[in-house]
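Comments concern the structure below.
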Amino acid sequence: MQDSDETPNLDFAGTTPYEDYVKADVLTHLQHPLSDDPGEMVFLVTTQVMELWFTVIVHEWQTAAQALREDDLRTALDALRRSTYELQSLNASWEPLAHLTPGQFNSYRAALGEGSGFQSAMYRRMEFLLGEKSASMLVPHRGAPRVHDELEKALHEPSLYDEVLRFLARQGEDIPDAVLNRDVQERYEPSPEVEAAWARVYSGDPEAPAARLGEALTEVAELVWRWRNDHLVATRRSMGSKVGTGGSAGVAWLEKRATKNVFPELWTARSHV
């Protein structure tokens, strides 16, 4: 018989403390496949896991943005660093879907109906934080008031990159007023002056606050780019160039997204250092 000191408590009045905290029973009963194909369960769970990663990454970037508003670089860098580990896990989530043949995907594709990943509200919040704003992307969520309100709030708030550039300005970098006071509801457009500012940052002390922030953002940007490319490759493999679910342009739309750099001047400035 085991020593009583080594035996965990197994008797609880209600659910276990683990269940109370994690809500595992809720999570593991959210899967309701609509076809008889066993592969649909893989697709469904993988997509739900991606949504959870979107959620925590949004949390990290919001934390970083708030910290930068308060000139708290350490907290911002910690949040950005955590988000890179989470982005790596998010990107790894493609693996179960990355090798689908067209036949395998077609066996349950009809279950998606008009559902498409571009309708993900949490992914849209990620994009908004990256500066990819678009009021039209709120339209699919008009029937879900809470989701719509959260997205509308995110649309009207400065992006993470907006907060980065304001932080740089307070650090003494020459960021144009037109950039600092831009309409944050609009998609961020690259600025030659911002590019020049990053070039100055990278030509200086690599341990300076702005340089450390630039490298943290570059790590994030690279992983977002990898996410977009992994999505593109997985879609090409499973459905070729057919029209995507929900009427999207499918591969053509993903190809366009994959060519866009996140935090663009961080990349172009490297040519001038």
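Letters A, B, ... mark the chains of the structure tokens in the order given; residue numbers begin at 1 per chain; ligand numbers begin at 1, in order shown.
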Could you make a table, as a tab-separated table, of the residues of range 30-138 of chain A that have an atom within 10 Å of an atom of range 160-181 of chain A, each with its nearest atom pair and distance in Å to one decimal, counting only C-alpha atoms, in chain and number order?
```
residue	atom	partner	partner_atom	distance
A:Trp61	CA	A:Leu160	CA	6.6
A:Gln62	CA	A:Leu160	CA	7.2
A:Thr63	CA	A:Leu160	CA	9.5
A:Ala64	CA	A:Leu160	CA	7.4
A:Ala65	CA	A:Leu160	CA	5.1
A:Gln66	CA	A:Glu163	CA	8.2
A:Ala67	CA	A:Glu163	CA	9.2
A:Leu68	CA	A:Phe167	CA	6.2
A:Arg69	CA	A:Glu163	CA	6.4
A:Glu70	CA	A:Phe167	CA	8.9
A:Asp71	CA	A:Phe167	CA	6.8
A:Asp72	CA	A:Phe167	CA	9.7
A:Leu73	CA	A:Phe167	CA	9.2
A:Ala76	CA	A:Val164	CA	9.9
A:Met126	CA	A:Leu160	CA	9.8
A:Phe128	CA	A:Leu160	CA	8.6
A:Leu129	CA	A:Leu160	CA	5.2
A:Leu130	CA	A:Leu160	CA	6.1
A:Gly131	CA	A:Tyr161	CA	6.5
```
Report as CSV: every residue of range 67-116 of chain A with an atom at most 12 Å from range 140-157 of chain A, its closest pair of atoms, and their distance in Å to one decimal, counting only C-alpha atoms, with rows sorted by chain and ascending residue number.
```
residue,atom,partner,partner_atom,distance
A:Glu114,CA,A:Pro140,CA,11.5
A:Gly115,CA,A:Pro140,CA,10.8
A:Ser116,CA,A:Pro140,CA,11.0
```
Would you output that residue set with N, CA and C atoms, as a CSV table (one decimal), in the first residue's frame?
```csv
chain,number,residue,atom,x,y,z
A,114,GLU,N,-20.5,27.5,-45.9
A,114,GLU,CA,-19.9,28.7,-46.3
A,114,GLU,C,-18.9,29.2,-45.3
A,115,GLY,N,-18.5,28.3,-44.3
A,115,GLY,CA,-17.5,28.6,-43.3
A,115,GLY,C,-16.2,28.8,-43.9
A,116,SER,N,-15.4,29.8,-43.5
A,116,SER,CA,-14.1,30.0,-44.0
A,116,SER,C,-13.2,30.6,-42.9
```
Checklist line | Spatial neighbours of Trp225 in chain A, 8 Å, only C-alpha atoms, chain gap at least 6 places, as a list in words | finding: Ala258, Lys260, Asn261 and Val262 of chain A
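The coordinates place CA of Ser271 in chain A at 26.5 Å from CA of Leu87 in chain A.
Restricting the calculation to only C-alpha atoms, the smallest distance between Ser107 in chain A and any of A:Asp36, A:Glu255, A:Glu19, A:Glu6 is found for A:Asp36.
The space between CA of Ala269 in chain A and CA of Glu195 in chain A spans 5.1 Å.
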Margin query: At a cut-off of 7 Å, using only C-alpha atoms, what residues contact range 90-95 of chain A? Leave out same-chain residues fewer than 5 positions from it and give the result as JSON, numbers by chain.
Written below: {"A": [46, 50, 53, 227]}
Checklist line | Selected residue, from A:Ser191, A:Ser159, A:Thr75, A:Thr235, that lies nearest to Glu265 in chain A when counting only C-alpha atoms | finding: A:Ser191
Next item on the list: Considering only C-alpha atoms, state which residue in the set A:Ala208, A:Leu223, A:Leu254, A:Ala196 is at the smallest distance from Val273 in chain A.
Entry: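 Smallest distance to Val273 in chain A is found for A:Ala196.
Taking only C-alpha atoms into account, His29 in chain A lies nearest to A:Leu44 out of the set A:Pro17, A:Asn106, A:Leu44, A:Asp183.
Of note, CA of Ser35 in chain A and CA of Thr47 in chain A are spaced 16.1 Å apart.
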Check: Which residue, A:Arg182, A:Glu132, A:Pro264, A:Gly117, has the smallest gap to His231 in chain A when you use only C-alpha atoms?
Finding: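 Using only C-alpha atoms, the shortest distance to His231 in chain A belongs to A:Gly117.
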Margin query: Measuring between only C-alpha atoms, which one of A:Ser238, A:Thr84, A:Arg109, A:Arg200 shows the shortest distance to Ala221 in chain A?
Written below: A:Thr84
